[in-house]
There are 2 protein chains.
Amino acid sequence: MVRGKPSFTILLRFIFTALLLALGSKAHADEGMWTFDNFPIAAVNKEYGTHIDQAWLDRTRLAAVRLSTGCSASLVTAQGLVLTNHHCVRDCAQQLSSAGSDYVKDGFQTARREDEKLCPGMVAEILSSISDVTPAITAATAGQTAQAFVRARDAAIAQTEKSACAGKEEQFRCQVVTLYQGGQYKLYTYRKYTDVRLAFAPEGDTAFFGGDPDNFNFPRYDLDCSFVRLYEGGKPAATPDHLIWSAAPPKEGQPTFVAGNPGSTQRLLTVAQLETLRDVNLPEILIQFSELRGRLIRFSEASAEHTRIASDLLFGIENSFKAYRGEEKALVDPALITAKRVQEAELRRKVASDATLSVRIGDPWSDIEKAQLRLKALYFPYGSMESRAGLGSDLFRFARTLVRAAEERPKANGERLREYTDSRLALLSKSLLDPQPVYPELEQLVLSFWLSKLRENLTADGAGTKIFLGKESPESLAARLATSKLGDPAVRKALWDGGLAAVKASDDPMIKFVLATDAASRAVRTQYENEVSGVVDGASQRIAQARFAILGTSVYPDATFSLRLSYGKVGGWSENGATVPAFTYFSGLYDRATGQYPFALTPKWLDAKARLPLNTVFDFVTDNDITGGNSGSPVIDAQGRILGAAFDGNIDSLGGAFGFDPRVNRTVSVSTAAITEALRTVYRADGLVKELTAR
Amino acid sequence: MVRGKPSFTILLRFIFTALLLALGSKAHADEGMWTFDNFPIAAVNKEYGTHIDQAWLDRTRLAAVRLSTGCSASLVTAQGLVLTNHHCVRDCAQQLSSAGSDYVKDGFQTARREDEKLCPGMVAEILSSISDVTPAITAATAGQTAQAFVRARDAAIAQTEKSACAGKEEQFRCQVVTLYQGGQYKLYTYRKYTDVRLAFAPEGDTAFFGGDPDNFNFPRYDLDCSFVRLYEGGKPAATPDHLIWSAAPPKEGQPTFVAGNPGSTQRLLTVAQLETLRDVNLPEILIQFSELRGRLIRFSEASAEHTRIASDLLFGIENSFKAYRGEEKALVDPALITAKRVQEAELRRKVASDATLSVRIGDPWSDIEKAQLRLKALYFPYGSMESRAGLGSDLFRFARTLVRAAEERPKANGERLREYTDSRLALLSKSLLDPQPVYPELEQLVLSFWLSKLRENLTADGAGTKIFLGKESPESLAARLATSKLGDPAVRKALWDGGLAAVKASDDPMIKFVLATDAASRAVRTQYENEVSGVVDGASQRIAQARFAILGTSVYPDATFSLRLSYGKVGGWSENGATVPAFTYFSGLYDRATGQYPFALTPKWLDAKARLPLNTVFDFVTDNDITGGNSGSPVIDAQGRILGAAFDGNIDSLGGAFGFDPRVNRTVSVSTAAITEALRTVYRADGLVKELTAR
């Protein structure tokens, strides 16, 4: 479930809990993932005694980088150098590795820029401007419902994106960002960089010391950082707008700002939607991830090479599993649903007491509730055959993209499936055509798992099972499909360029499989849009309009992997009566090491111990409100200096896609102090240190 | 989670759904798992026009067999021949197999009785008498709460069992059966047979045709039968009380009775307990089983020998997973909890309106509700370190049994942990000392999984993690423990006989591991008994007393793997408007076969096709109310003839540990007609056919 959707697990890296968001009251101090065009500057300056202004916001925005692989990052020098997390380049490092050189295990560094290596499929984007296109999109959907709503909206978005970037597509990406579940549509124009190269990564076991057992915990001892560099015309890009590198440690109580792209929150969902998450989606996801995890663990144990090639996928699954499990635990707590029910009743009461609004809005809550029954009925067919089809198989992703692109590209822009509109083709084709390793044994595992779950969930006699499996077993079909030649980028290129005729003439087993099954996949998608997403999206838009009418924009929108700014301060928290301090130090890393994975130190760190100042601040926590997708986000002080890179949330914050609890929710970051010291003393990366600390 | 608790998964093979059990109203037609001393003879005869009487009940009881491995069965000839399910001897067949001869894959049959093979650890029991010991047990616990309640009750039970069987322990087992959650205690005296030998088993793929995908489904084409024989003094036991074998097919509407040992239902639990099952136990079990399932699937795929040795464990996990998943689906349906809440409120109202009863009973519902909080807090420590410790590792089970038995046996009978009281030692030592294969690679997998989940759920810094793992990783500790020599029965025998001194002197790694960790396990058990089970058991007893006071014994008790009788009739049901007929035929097996596992026919069945009467009734459904543990139960007509062996429930009935829905809940059985024909024509087991059909 990671491959093909590389952003998916990383988006979920941070998910935060809270029971306290009272609708109608002001957001809590330090709560909120604010858009840059609606940041509460005055309130923040008042609370913290800071002096941030529009210029500060603009500088921050221009240094904030979004990575197409599902992460955040920031420019830290004028030569295109970008700081992000190690786990944000883990996939890249694995793709650049081979049985002979393992950049995930051993890390990657080079003294010469010309040895920096292109990350396949990665695009870096910097937000240039925001404009409101709500009226145009909303007008296009007026009076529409169900699938007609979805298609009209998507066509209007495709048209808006295409015309906004017309003539400048090479350097820019135009994206309509949906906010407040459709209450607002904003056009975000990004300066884009398609040549992004890996410049530095520590060893995986240093970046992720403590592994899955320590994941989402604090105290923590992870050097979860890496550097990539933006290139233009084959040379490092000139990036005068960058954050100021600081090697000074963060201080208790210091105001902090996190600029990044939180991926997804569900704070504004209706109670019926939350109950569906609790009773259907999350239990099923946890079950599926657990079995896949088990298969991957045994696969990995078979050999060192298996360990290497499954490492990124297993990391992603375990990471998401822990995050989803936290979500589920939050939702089964009756206090959360009760609080949400009270909030929803209050909003509905206010709507009902306003006759005009009432007529305009109708009863979207009931519409959403009814659609949940259809969602439950379609959960397995839609998931198995369409939305999660292939479950992360690269070969399946390649084949579906080639088949669908061949069918969709000849259509008018507004009539295509949304993934194939003109504004998306550049990124889509890059992620399809960039060379990237494919491991047939791992593919076979993933495909076999997907197909066996398809049969299990649709039943042996289900119509979908018959279409996808025929009389073959999941295991034998997976073995056959894994012989596909689509792992060869030249084969993909030929089919991409050759269009539908070439695709139909192909004798590749995966292409033939997708050609034979895609009508069924498209049919269940149509049904889902008609009965579920079209209904829910239309109704959600009306709820958003009601909320605006009553509350204005004092409520921030749910996260949508678009640029946001959160504010807060450095500080620990109380746990069962004990205080968890805000900082860890290098010394703690050495204390915690056992010599056994995942608590083993690498040779470089063992060697450097005597030379390192052990009182260097390593990781630290702040009460910024972030979530998955914020991984790699710069933590900035009020003067615009970067103090660290956010990489996790603490365990208390798990499960809080639904709100924010300032008492215990914490962002976990690696300090620039630790990064600087490690580069200098452990890795002797003198060139990087010089570049970062130059003034 | 199967090994060491062989009954566990089989007990769960059937779990039935229902939303209709209205407290205070009469049970539905065909509902109920009635004890033999409270069977509603008159009502049944009236409804079905049958003429069953006490003599019929007595004959049925004396032919009904309980297998200590968690199944039911029945005597079908006077030479000790017992019919049960294939899946009830699967474990035995695997234990008797080796890399060279695989009785699970190839089946087992012999023309000569002297080649029948002893099933390790298996004991067969036939219920001789029932007497009421409620006053003695209840008196012993009067005024006690928490752990004191548990210990007083267990001591009284141990004393009752020991004195009842004094002097006849060789041939009898005395067991106090807890009914109505402690509302009744009955002394069940069993005639026992400790020499049980495998006489016939079909190929695993014939018995379980359709495998996991078809499991719990109907129509069905499974020859899920086998025969074992009871021996005494090295010769087939004389068993004059047996059912009459019938090769006639069942008929639509024919009355049917199922005599067997349903393992566990939760129909009388409080709402708070059901919510805990829904929110804690079931989600966690499904997650754990899924990951273990994934590990076992990859393990099995590594080689044919791995497939063989993991087969029984994987079967058990998949079977239980499907059953638990059905339970969870039933519990997240708000209709179920709502109905239960209404029933509970009604009972509480009736108690409140009776001043005397009210004072006597108190508020046990609130006591149970409060204990749920402690259950949640202790769920992982208690599960990881005590109740599910080892997760099915045979080596761990051996070591814990040896260590604890050495500590407990010197104590007075009433002061021991309940598993080590005198009345339990015979079965315990048999299951410990009988030779049984141990596979170090599989042990390593299971131990590694258990220890990694222990660390995950108790956290890397948890006190339990430090005690069980120290600075070792789960993987390295598991590898070390798997080198234990306890797989050798002579080693176990020496330690069993040598007692505590021998155990303490042992340098076996698993023995040393249990010695080092057992104090922590016992401590969490004490805590759990004090804060959870002691409170809940005491309160449940009071609820049962309230129910008796108001309803008498018109309500049957929850299942407790003790002998019950259910009544019903042959008949299909309606599903989405279509009728599912009651019967399948041999012809359907050949139609469904694809040639690929699990829909592949064995050579014997391919060969026999032309000779078989294809219109023979294969499997059939009835509306008897049964659940896991009933596997292998005889389906009997009103004349005492056996029509088949129950082996499953249909998919509609999954999840219904909580009640019975006569519209759609069905028992699935294999017919004696099919068994007879298969023995004769497919297996040419002429000796068995002759024995079965002799008059």
# chains A, B, ... in the order shown; residues from 1 in each chain; ligands from 1
>>> closest_atom_pairs(of="chain B", to="chain A", cutoff="10 Å", atoms="only C-alpha atoms", output="Markdown table")
| residue | atom | partner | partner_atom | distance |
| --- | --- | --- | --- | --- |
| B:Gly210 | CA | A:Ala460 | CA | 8.7 |
| B:Asp212 | CA | A:Glu456 | CA | 8.2 |
| B:Pro213 | CA | A:Ala460 | CA | 5.9 |
| B:Asp214 | CA | A:Ala460 | CA | 7.0 |
| B:Asn217 | CA | A:Thr459 | CA | 9.4 |
| B:Glu275 | CA | A:Val332 | CA | 9.7 |
| B:Arg278 | CA | A:Val332 | CA | 9.2 |
| B:Asp279 | CA | A:Val332 | CA | 6.3 |
| B:Val280 | CA | A:Val332 | CA | 8.9 |
| B:Pro283 | CA | A:Pro283 | CA | 6.9 |
| B:Glu284 | CA | A:Ile287 | CA | 9.5 |
| B:Ile285 | CA | A:Ile287 | CA | 9.8 |
| B:Leu286 | CA | A:Ile287 | CA | 6.5 |
| B:Ile287 | CA | A:Ile287 | CA | 5.3 |
| B:Gln288 | CA | A:Ser290 | CA | 7.4 |
| B:Phe289 | CA | A:Glu291 | CA | 8.1 |
| B:Ser290 | CA | A:Glu291 | CA | 4.5 |
| B:Glu291 | CA | A:Glu291 | CA | 4.2 |
| B:Leu292 | CA | A:Gly294 | CA | 6.1 |
| B:Arg293 | CA | A:Glu291 | CA | 6.3 |
| B:Gly294 | CA | A:Gly294 | CA | 4.3 |
| B:Arg295 | CA | A:Gly294 | CA | 4.4 |
| B:Leu296 | CA | A:Arg295 | CA | 7.7 |
| B:Ile297 | CA | A:Arg295 | CA | 6.9 |
| B:Arg298 | CA | A:Arg295 | CA | 5.5 |
| B:Phe299 | CA | A:Arg298 | CA | 6.7 |
| B:Ala302 | CA | A:Ala302 | CA | 9.1 |
| B:Lys322 | CA | A:Glu456 | CA | 9.9 |
| B:Arg325 | CA | A:Ile287 | CA | 9.9 |
| B:Glu328 | CA | A:Asp279 | CA | 9.3 |
| B:Lys329 | CA | A:Asp279 | CA | 8.4 |
| B:Leu331 | CA | A:Asp279 | CA | 9.7 |
| B:Val332 | CA | A:Asp279 | CA | 6.3 |
| B:Asp333 | CA | A:Asp279 | CA | 8.7 |
| B:Leu445 | CA | A:Arg298 | CA | 8.8 |
| B:Phe449 | CA | A:Gly294 | CA | 9.0 |
| B:Ser452 | CA | A:Pro213 | CA | 9.2 |
| B:Lys453 | CA | A:Pro213 | CA | 9.9 |
| B:Arg455 | CA | A:Pro213 | CA | 7.3 |
| B:Glu456 | CA | A:Pro213 | CA | 5.9 |
| B:Asn457 | CA | A:Pro213 | CA | 9.1 |
| B:Leu458 | CA | A:Pro213 | CA | 9.8 |
| B:Thr459 | CA | A:Pro213 | CA | 6.6 |
| B:Ala460 | CA | A:Pro213 | CA | 5.9 |
| B:Asp461 | CA | A:Asp214 | CA | 9.2 |
| B:Gly470 | CA | A:Thr594 | CA | 9.6 |
| B:Lys471 | CA | A:Thr594 | CA | 6.0 |
| B:Glu472 | CA | A:Gln596 | CA | 6.8 |
| B:Ser473 | CA | A:Gln596 | CA | 6.2 |
| B:Pro474 | CA | A:Tyr597 | CA | 9.8 |
| B:Glu475 | CA | A:Tyr597 | CA | 9.5 |
| B:Ser476 | CA | A:Gln596 | CA | 8.7 |
| B:Ala593 | CA | A:Lys471 | CA | 9.3 |
| B:Thr594 | CA | A:Lys471 | CA | 6.0 |
| B:Gly595 | CA | A:Lys471 | CA | 8.4 |
| B:Gln596 | CA | A:Ser473 | CA | 6.2 |
| B:Tyr597 | CA | A:Ser473 | CA | 7.0 |
| B:Pro598 | CA | A:Ser473 | CA | 8.4 |
| B:Phe599 | CA | A:Ser473 | CA | 9.0 |
>>> residues_around(residues="A:Lys235", least_positions_apart="6", cutoff="12 Å", atoms="only C-alpha atoms", output="list of chain:residue names")
A:Gln79, A:Gly80, A:Leu81, A:Arg113, A:Glu114, A:Glu116, A:Tyr193, A:Asp195, A:Val196, A:Arg197, A:Arg229
>>> closest_residue(among="A:Glu407, A:Asp102, A:Asp607, A:Asp154", to="A:Leu515", atoms="only C-alpha atoms")
A:Glu407
>>> atom_distance(atom1="atom CA of A:Arg173", atom2="atom CA of A:Phe149")
24.9 Å
>>> select_by_dssp(residues="stretch 519-644 of chain B", states="strand (DSSP E)", output="VMD selection string")
chain B and resid 564 to 569 573 to 575 578 to 580 583 to 585 617 to 622 634 to 636 641 to 644
>>> closest_residue(among="A:Gly182, A:Gly538, A:Gly49, A:Pro219", to="A:Ala146", atoms="only C-alpha atoms")
A:Gly538
>>> closest_residue(among="A:Val438, A:Leu425, A:Ala136, A:Cys88", to="A:Gly316", atoms="only C-alpha atoms")
A:Cys88
>>> atom_distance(atom1="atom CA of A:Asp619", atom2="atom CA of A:Gly644")
8.5 Å
>>> residues_around(residues="stretch 549-555 of chain B", least_positions_apart="3", cutoff="12 Å", atoms="only C-alpha atoms", output="CSV table (one decimal) with N, CA and C atoms, in the first residue's frame")
chain,number,residue,atom,x,y,z
B,21,LEU,N,-32.7,-12.7,20.7
B,21,LEU,CA,-32.9,-13.3,22.0
B,21,LEU,C,-33.5,-12.3,22.9
B,22,ALA,N,-34.8,-12.3,23.2
B,22,ALA,CA,-35.4,-11.3,24.0
B,22,ALA,C,-35.5,-11.9,25.4
B,23,LEU,N,-34.8,-11.3,26.4
B,23,LEU,CA,-34.7,-11.7,27.7
B,23,LEU,C,-36.2,-11.7,28.3
B,24,GLY,N,-36.5,-12.7,28.9
B,24,GLY,CA,-37.9,-12.7,29.5
B,24,GLY,C,-38.9,-13.4,28.6
B,25,SER,N,-38.6,-13.4,27.3
B,25,SER,CA,-39.5,-14.2,26.5
B,25,SER,C,-39.0,-15.6,26.4
B,26,LYS,N,-39.8,-16.5,25.8
B,26,LYS,CA,-39.3,-17.8,25.7
B,26,LYS,C,-38.2,-17.9,24.6
B,27,ALA,N,-37.4,-18.9,24.6
B,27,ALA,CA,-36.4,-19.0,23.6
B,27,ALA,C,-37.1,-19.3,22.3
B,28,HIS,N,-36.5,-18.9,21.2
B,28,HIS,CA,-37.1,-19.2,19.9
B,28,HIS,C,-37.2,-20.7,19.6
B,31,GLU,N,-34.0,-22.9,19.2
B,31,GLU,CA,-32.8,-22.2,19.8
B,31,GLU,C,-32.5,-22.9,21.1
B,32,GLY,N,-31.2,-22.9,21.4
B,32,GLY,CA,-30.8,-23.4,22.8
B,32,GLY,C,-29.8,-24.5,22.7
B,33,MET,N,-28.9,-24.4,23.6
B,33,MET,CA,-27.9,-25.5,23.9
B,33,MET,C,-28.2,-26.0,25.3
B,34,TRP,N,-29.1,-27.0,25.3
B,34,TRP,CA,-29.7,-27.4,26.6
B,34,TRP,C,-28.8,-28.5,27.2
B,35,THR,N,-28.7,-28.4,28.6
B,35,THR,CA,-28.1,-29.5,29.3
B,35,THR,C,-29.0,-30.7,29.3
B,37,ASP,N,-29.9,-32.5,31.7
B,37,ASP,CA,-30.8,-32.5,32.9
B,37,ASP,C,-31.8,-31.4,32.8
B,38,ASN,N,-31.9,-30.7,31.8
B,38,ASN,CA,-33.0,-29.7,31.7
B,38,ASN,C,-33.4,-29.5,30.2
B,39,PHE,N,-33.6,-30.6,29.5
B,39,PHE,CA,-34.0,-30.5,28.1
B,39,PHE,C,-35.5,-30.4,28.0
B,40,PRO,N,-36.0,-29.5,27.2
B,40,PRO,CA,-37.5,-29.3,27.1
B,40,PRO,C,-38.1,-30.4,26.3
B,43,ALA,N,-41.9,-29.8,25.1
B,43,ALA,CA,-42.1,-28.8,24.1
B,43,ALA,C,-41.6,-29.3,22.7
B,179,LEU,N,-22.0,-23.2,35.2
B,179,LEU,CA,-23.1,-22.9,34.2
B,179,LEU,C,-23.7,-21.5,34.6
B,180,TYR,N,-24.3,-20.8,33.7
B,180,TYR,CA,-24.9,-19.5,34.0
B,180,TYR,C,-23.9,-18.6,34.6
B,183,GLY,N,-24.0,-19.2,38.2
B,183,GLY,CA,-25.3,-19.4,38.8
B,183,GLY,C,-25.5,-20.8,39.2
B,184,GLN,N,-24.9,-21.7,38.5
B,184,GLN,CA,-25.0,-23.2,38.9
B,184,GLN,C,-23.6,-23.8,38.8
B,267,ARG,N,-23.8,-15.1,25.3
B,267,ARG,CA,-25.2,-14.6,25.2
B,267,ARG,C,-25.7,-13.9,26.4
B,268,LEU,N,-25.1,-14.3,27.6
B,268,LEU,CA,-25.6,-13.7,28.8
B,268,LEU,C,-24.6,-12.6,29.4
B,346,GLU,N,-34.2,-4.0,31.3
B,346,GLU,CA,-35.4,-4.7,31.7
B,346,GLU,C,-35.2,-5.6,33.0
B,347,LEU,N,-34.1,-6.3,32.9
B,347,LEU,CA,-33.7,-7.2,34.0
B,347,LEU,C,-33.4,-6.4,35.3
B,348,ARG,N,-32.7,-5.3,35.1
B,348,ARG,CA,-32.3,-4.4,36.2
B,348,ARG,C,-33.6,-3.8,36.8
B,349,ARG,N,-34.5,-3.4,35.9
B,349,ARG,CA,-35.8,-2.8,36.4
B,349,ARG,C,-36.5,-3.8,37.3
B,350,LYS,N,-36.5,-5.1,36.8
B,350,LYS,CA,-37.2,-6.1,37.6
B,350,LYS,C,-36.6,-6.4,39.0
B,351,VAL,N,-35.2,-6.3,39.0
B,351,VAL,CA,-34.5,-6.5,40.2
B,351,VAL,C,-34.8,-5.3,41.2
B,352,ALA,N,-34.8,-4.1,40.6
B,352,ALA,CA,-35.0,-2.9,41.4
B,352,ALA,C,-36.4,-2.9,42.0
B,353,SER,N,-37.4,-3.6,41.3
B,353,SER,CA,-38.7,-3.5,41.8
B,353,SER,C,-39.0,-4.6,42.9
B,354,ASP,N,-38.0,-5.4,43.2
B,354,ASP,CA,-38.1,-6.4,44.2
B,354,ASP,C,-37.1,-6.1,45.3
B,356,THR,N,-36.3,-7.3,48.3
B,356,THR,CA,-35.4,-8.3,48.9
B,356,THR,C,-34.3,-8.7,47.9
B,357,LEU,N,-34.7,-9.0,46.7
B,357,LEU,CA,-33.8,-9.4,45.7
B,357,LEU,C,-32.7,-8.3,45.5
B,358,SER,N,-33.2,-7.1,45.4
B,358,SER,CA,-32.4,-5.9,45.2
B,358,SER,C,-31.2,-5.8,46.3
B,360,ARG,N,-30.1,-8.4,48.1
B,360,ARG,CA,-29.3,-9.5,48.0
B,360,ARG,C,-28.3,-9.4,46.8
B,361,ILE,N,-28.8,-8.9,45.7
B,361,ILE,CA,-28.0,-8.8,44.5
B,361,ILE,C,-27.0,-7.6,44.4
B,542,ARG,N,-24.0,-13.1,40.8
B,542,ARG,CA,-25.2,-12.4,41.4
B,542,ARG,C,-26.2,-12.1,40.3
B,543,ILE,N,-25.7,-11.8,39.1
B,543,ILE,CA,-26.7,-11.6,38.0
B,543,ILE,C,-27.4,-12.9,37.7
B,544,ALA,N,-26.7,-14.0,37.7
B,544,ALA,CA,-27.4,-15.3,37.4
B,544,ALA,C,-28.4,-15.6,38.5
B,545,GLN,N,-28.1,-15.2,39.7
B,545,GLN,CA,-29.1,-15.5,40.8
B,545,GLN,C,-30.3,-14.6,40.5
B,546,ALA,N,-30.1,-13.4,40.1
B,546,ALA,CA,-31.3,-12.5,39.8
B,546,ALA,C,-32.1,-13.1,38.7
B,558,ASP,N,-25.0,-20.3,28.9
B,558,ASP,CA,-24.0,-20.2,27.9
B,558,ASP,C,-23.2,-21.4,27.7
>>> residues_around(residues="A:Ala148", least_positions_apart="2", cutoff="12 Å", atoms="only C-alpha atoms", output="PyMOL selection string")
chain A and resi 140-146+150-155+415+526-527+529-531+533-535+537-538
>>> residues_around(residues="A:Leu454", least_positions_apart="5", cutoff="8 Å", atoms="only C-alpha atoms", output="list in words")
Phe380, Ser384, Met385, Thr459 and Thr465 of chain A
>>> write_last_selection(atoms="all heavy atoms", output="mmCIF file, in the first residue's frame")
data_model
loop_
_atom_site.group_PDB
_atom_site.id
_atom_site.type_symbol
_atom_site.label_atom_id
_atom_site.label_comp_id
_atom_site.auth_asym_id
_atom_site.auth_seq_id
_atom_site.Cartn_x
_atom_site.Cartn_y
_atom_site.Cartn_z
ATOM 1 N N PHE A 380 -15.456 -3.354 0.095
ATOM 2 C CA PHE A 380 -14.529 -4.351 -0.449
ATOM 3 C C PHE A 380 -14.459 -4.344 -1.977
ATOM 4 O O PHE A 380 -13.362 -4.388 -2.525
ATOM 5 C CB PHE A 380 -14.861 -5.744 0.089
ATOM 6 C CG PHE A 380 -14.424 -5.936 1.516
ATOM 7 C CD1 PHE A 380 -15.318 -6.319 2.487
ATOM 8 C CD2 PHE A 380 -13.099 -5.709 1.876
ATOM 9 C CE1 PHE A 380 -14.902 -6.479 3.809
ATOM 10 C CE2 PHE A 380 -12.681 -5.871 3.191
ATOM 11 C CZ PHE A 380 -13.588 -6.260 4.158
ATOM 12 N N SER A 384 -10.870 -3.384 -3.334
ATOM 13 C CA SER A 384 -10.092 -4.464 -3.945
ATOM 14 C C SER A 384 -9.865 -4.244 -5.435
ATOM 15 O O SER A 384 -8.824 -4.600 -5.973
ATOM 16 C CB SER A 384 -10.823 -5.805 -3.794
ATOM 17 O OG SER A 384 -11.185 -6.043 -2.480
ATOM 18 N N MET A 385 -10.881 -3.702 -6.093
ATOM 19 C CA MET A 385 -10.826 -3.637 -7.551
ATOM 20 C C MET A 385 -10.424 -2.272 -8.079
ATOM 21 O O MET A 385 -10.021 -2.152 -9.238
ATOM 22 C CB MET A 385 -12.203 -4.007 -8.124
ATOM 23 C CG MET A 385 -12.618 -5.454 -7.823
ATOM 24 S SD MET A 385 -14.401 -5.730 -7.970
ATOM 25 C CE MET A 385 -14.634 -5.414 -9.723
ATOM 26 N N THR A 459 -15.407 -12.997 -1.668
ATOM 27 C CA THR A 459 -15.783 -14.427 -1.603
ATOM 28 C C THR A 459 -15.403 -15.162 -2.895
ATOM 29 O O THR A 459 -15.302 -14.555 -3.951
ATOM 30 C CB THR A 459 -17.291 -14.700 -1.311
ATOM 31 O OG1 THR A 459 -18.042 -14.493 -2.499
ATOM 32 C CG2 THR A 459 -17.797 -13.807 -0.192
ATOM 33 N N THR A 465 -14.326 -11.600 -8.045
ATOM 34 C CA THR A 465 -13.332 -12.675 -7.957
ATOM 35 C C THR A 465 -13.236 -13.411 -9.288
ATOM 36 O O THR A 465 -12.144 -13.717 -9.776
ATOM 37 C CB THR A 465 -13.715 -13.663 -6.844
ATOM 38 O OG1 THR A 465 -13.863 -12.930 -5.623
ATOM 39 C CG2 THR A 465 -12.645 -14.722 -6.658
#
>>> residues_around(residues="stretch 431-434 of chain A", least_positions_apart="6", cutoff="7 Å", atoms="only C-alpha atoms", output="JSON, numbers by chain")
{"A": [120, 121, 398, 489, 492, 493]}
>>> write_last_selection(atoms="all heavy atoms", output="short mmCIF file (atom, residue, chain, number, x, y, z; two decimals), in the first residue's frame")
data_model
loop_
_atom_site.label_atom_id
_atom_site.label_comp_id
_atom_site.auth_asym_id
_atom_site.auth_seq_id
_atom_site.Cartn_x
_atom_site.Cartn_y
_atom_site.Cartn_z
N PRO A 120 14.49 9.06 -8.39
CA PRO A 120 13.46 8.75 -9.40
C PRO A 120 12.09 9.24 -8.98
O PRO A 120 11.67 9.05 -7.83
CB PRO A 120 13.49 7.22 -9.48
CG PRO A 120 14.83 6.83 -8.96
CD PRO A 120 15.18 7.85 -7.93
N GLY A 121 11.40 9.89 -9.89
CA GLY A 121 10.01 10.29 -9.66
C GLY A 121 9.82 11.48 -8.75
O GLY A 121 8.69 11.93 -8.55
N PHE A 398 2.21 0.46 -13.02
CA PHE A 398 2.67 0.79 -14.37
C PHE A 398 1.59 0.41 -15.40
O PHE A 398 1.25 1.20 -16.28
CB PHE A 398 3.96 0.02 -14.70
CG PHE A 398 5.15 0.41 -13.87
CD1 PHE A 398 6.19 -0.50 -13.64
CD2 PHE A 398 5.28 1.69 -13.33
CE1 PHE A 398 7.30 -0.16 -12.88
CE2 PHE A 398 6.39 2.04 -12.56
CZ PHE A 398 7.41 1.11 -12.34
N PRO A 489 12.23 0.41 -18.05
CA PRO A 489 11.67 1.71 -18.40
C PRO A 489 11.49 1.91 -19.91
O PRO A 489 10.59 2.64 -20.34
CB PRO A 489 12.67 2.73 -17.82
CG PRO A 489 13.85 1.96 -17.38
CD PRO A 489 13.46 0.51 -17.25
N ARG A 492 8.14 0.58 -20.83
CA ARG A 492 7.08 1.51 -20.43
C ARG A 492 7.01 2.69 -21.39
O ARG A 492 5.93 3.13 -21.78
CB ARG A 492 7.33 2.00 -18.99
CG ARG A 492 7.37 0.90 -17.95
CD ARG A 492 7.15 1.43 -16.53
NE ARG A 492 8.19 2.30 -16.01
CZ ARG A 492 9.32 1.87 -15.41
NH1 ARG A 492 9.54 0.56 -15.28
NH2 ARG A 492 10.19 2.74 -14.94
N LYS A 493 8.20 3.21 -21.73
CA LYS A 493 8.24 4.37 -22.63
C LYS A 493 7.59 4.04 -23.97
O LYS A 493 6.81 4.86 -24.52
CB LYS A 493 9.72 4.78 -22.83
CG LYS A 493 9.94 6.03 -23.66
CD LYS A 493 9.56 7.29 -22.90
CE LYS A 493 10.09 8.57 -23.54
NZ LYS A 493 9.70 8.77 -24.92
#
>>> residues_around(residues="B:Ala502", least_positions_apart="5", cutoff="12 Å", atoms="only C-alpha atoms", output="JSON, numbers by chain")
{"B": [402, 403, 406, 407, 491, 492, 493, 494, 495, 496, 497, 507, 508, 511, 512]}
>>> select_by_dssp(residues="stretch 359-504 of chain A", states="alpha helix (DSSP H)", output="ChimeraX atom specification")
/A:359-361,364-382,394-408,422-433,440-458,463-469,474-481,489-504
>>> atom_distance(atom1="atom CA of B:Phe200", atom2="atom CA of B:Leu243")
18.5 Å
>>> closest_residue(among="B:Lys466, B:Arg66, B:Lys569, B:His86", to="B:Leu223", atoms="only C-alpha atoms")
B:His86
